[in-house]
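In what follows, a structure is listed as structure tokens, so that the remarks can point back to it.
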Amino acid sequence: MFFKSMLTGIAVAVVAAGSAFAADCSLPADAQNGKTVSNQCKSCHVFEADKPSRPTGPNLHDVFGEKAGTRKDYPSYSPAVSAASAKGLVWTEDKLSDYLADPKAFLAAVTGNPDLKHGMYFNVKDDQKRKDVIAFLKAIKGKAECN
């Protein structure tokens, strides 16, 4: 009986340790820096896999590599983002970098229409900070434990 209890205890400890390890979200230094920079974005966006989009902006947890303007729980994409999506815009490193540097100019270039309304007025002028934010978005993509 003692050994059965001991084995059960060990099995529970191994499962608990495995769960703790699975829930770990270790980020490389650049992604950790990007997480810090992205705190500025949280007034409009969320970065948590299990959270719905906000009325002010879509959840960005899995945005990297996705087609623009396609988050199902965010129905309020701007005309500029909707037009860019219709043209097939996918959020790659280069596209995100250009967008974060100057959203209005980027969307005007992608859509060919500088008069389309856009909703992003914040920008990240610093090149390294943009790279770090993109590293963060890449690192959390598909990882629910990275919130």
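We label chains A, B, ... in the order they appear in the structure tokens, count residues from 1 in each chain, and number ligands from 1 in the order shown.
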
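Every protein, DNA or RNA residue with an atom at most 9 Å from Phe122 of chain A, where only C-alpha atoms count and chain neighbours fewer than 2 positions away do not, is listed here: A:Cys41, A:Leu100, A:Ala101, A:Asp102, A:Pro103, A:Met120, A:Val124.
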
Residue neighbourhood His61 of chain A, 7 Å, only C-alpha atoms, exclusion window fewer than 3 positions, as a list of chain:residue names: A:Phe47, A:Glu48, A:Ala49, A:Leu137, A:Ile140, A:Lys141

Residue contacts of Gly112 of chain A (12 Å, only C-alpha atoms) excluding same-chain residues fewer than 3 positions away, as a PyMOL selection string: chain A and resi 80+83-84+87+104-109+115-116

Strand (DSSP E or B) per DSSP on the backbone: members of segment 53-110 of chain A, as a ChimeraX atom specification: /A:54,57,67,90

Neighbour list for segment 72-76 of chain A as a ChimeraX atom specification, cut-off 6 Å, only C-alpha atoms, skip fewer than 2 positions in-chain: /A:53,58,70

Could you turn the residues from that selection into a file that holds C-alpha atoms, as a PDB file, in the first residue's frame?
ATOM      1  CA  SER A  53     -10.699  41.641 -28.937  1.00  0.00           C
ATOM      2  CA  PRO A  58      -8.314  43.457 -32.335  1.00  0.00           C
ATOM      3  CA  THR A  70      -9.557  38.779 -40.402  1.00  0.00           C
TER       4      THR A  70
END

DSSP-assigned alpha helix (DSSP H) members of chain A, reported as a VMD selection string: chain A and resid 2 to 22 29 to 38 79 to 86 93 to 101 103 to 111 127 to 140

Would you put the residues from that selection into a file with C-alpha atoms, as a compact mmCIF listing (two decimals), in the first residue's frame?
# COMPACT_ATOMS: atom_id res chain seq x y z
CA PHE A 2 2.85 2.37 0.85
CA PHE A 3 4.46 1.86 -2.56
CA LYS A 4 1.16 2.37 -4.38
CA SER A 5 0.64 5.68 -2.54
CA MET A 6 4.22 6.67 -3.23
CA LEU A 7 3.88 5.88 -6.95
CA THR A 8 0.62 7.83 -7.12
CA GLY A 9 2.33 10.77 -5.42
CA ILE A 10 5.24 10.62 -7.86
CA ALA A 11 2.86 10.44 -10.82
CA VAL A 12 0.96 13.49 -9.57
CA ALA A 13 4.22 15.38 -9.06
CA VAL A 14 5.42 14.50 -12.58
CA VAL A 15 2.12 15.62 -14.12
CA ALA A 16 2.16 18.84 -12.09
CA ALA A 17 5.76 19.54 -13.09
CA GLY A 18 4.92 18.84 -16.72
CA SER A 19 1.97 21.22 -16.54
CA ALA A 20 4.12 23.91 -14.98
CA PHE A 21 6.73 23.42 -17.66
CA ALA A 22 4.11 23.50 -20.43
CA ALA A 29 15.60 39.00 -24.90
CA ASP A 30 14.37 40.83 -28.01
CA ALA A 31 10.85 39.44 -27.58
CA GLN A 32 10.89 40.33 -23.88
CA ASN A 33 11.86 43.88 -24.86
CA GLY A 34 9.04 43.84 -27.43
CA LYS A 35 6.58 42.76 -24.76
CA THR A 36 7.60 45.80 -22.73
CA VAL A 37 7.25 48.13 -25.73
CA SER A 38 3.87 46.60 -26.59
CA PRO A 79 -11.81 50.94 -44.43
CA ALA A 80 -8.02 51.09 -45.03
CA VAL A 81 -7.33 47.79 -43.24
CA SER A 82 -10.32 46.16 -44.94
CA ALA A 83 -9.04 47.32 -48.35
CA ALA A 84 -5.53 46.09 -47.52
CA SER A 85 -6.98 42.74 -46.50
CA ALA A 86 -8.89 42.54 -49.79
CA GLU A 93 8.11 41.02 -40.46
CA ASP A 94 8.58 43.59 -43.21
CA LYS A 95 4.90 44.51 -43.44
CA LEU A 96 4.54 44.86 -39.67
CA SER A 97 7.69 46.97 -39.51
CA ASP A 98 6.46 49.33 -42.22
CA TYR A 99 2.99 49.51 -40.66
CA LEU A 100 4.26 50.21 -37.15
CA ALA A 101 6.61 52.91 -38.45
CA PRO A 103 0.38 53.17 -40.37
CA LYS A 104 -1.22 55.85 -42.56
CA ALA A 105 1.54 55.87 -45.19
CA PHE A 106 1.79 52.08 -45.18
CA LEU A 107 -1.93 51.54 -45.71
CA ALA A 108 -2.04 54.23 -48.40
CA ALA A 109 0.79 52.46 -50.24
CA VAL A 110 -0.82 49.01 -49.92
CA THR A 111 -4.31 50.13 -50.94
CA ASP A 127 13.72 50.70 -35.60
CA GLN A 128 14.97 48.49 -32.74
CA LYS A 129 11.72 48.83 -30.81
CA ARG A 130 9.78 47.80 -33.94
CA LYS A 131 12.04 44.75 -34.36
CA ASP A 132 11.50 43.86 -30.71
CA VAL A 133 7.70 44.16 -30.95
CA ILE A 134 7.74 41.95 -34.03
CA ALA A 135 9.98 39.43 -32.21
CA PHE A 136 7.39 39.42 -29.41
CA LEU A 137 4.50 38.84 -31.83
CA LYS A 138 6.41 36.00 -33.48
CA ALA A 139 7.35 34.43 -30.14
CA ILE A 140 3.78 34.32 -28.80

Non-local contacts of Lys67 of chain A (9 Å; only C-alpha atoms; under 3 positions in same chain excluded) as a PyMOL selection string: chain A and resi 63-64+70-71+85+88-91

Atom-to-atom span, atom CA of Ser78 of chain A and atom CA of Cys44 of chain A, Å: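 Interatomic distance, atom CA of Ser78 of chain A to atom CA of Cys44 of chain A: 14.0 Å.
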
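Reported to one decimal place, the separation of atom CA of Ser43 of chain A from atom CA of Cys146 of chain A is 19.0 Å.
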
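Straight-line separation from atom CA of Lys143 of chain A to atom CA of Lys51 of chain A: 13.3 Å.
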
Best match for closeness to Asn147 of chain A among A:Arg54, A:Pro28, A:His118, A:Asn59, counting only C-alpha atoms: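 Between A:Arg54, A:Pro28, A:His118, A:Asn59, the residue approaching Asn147 of chain A most closely is A:Asn59.
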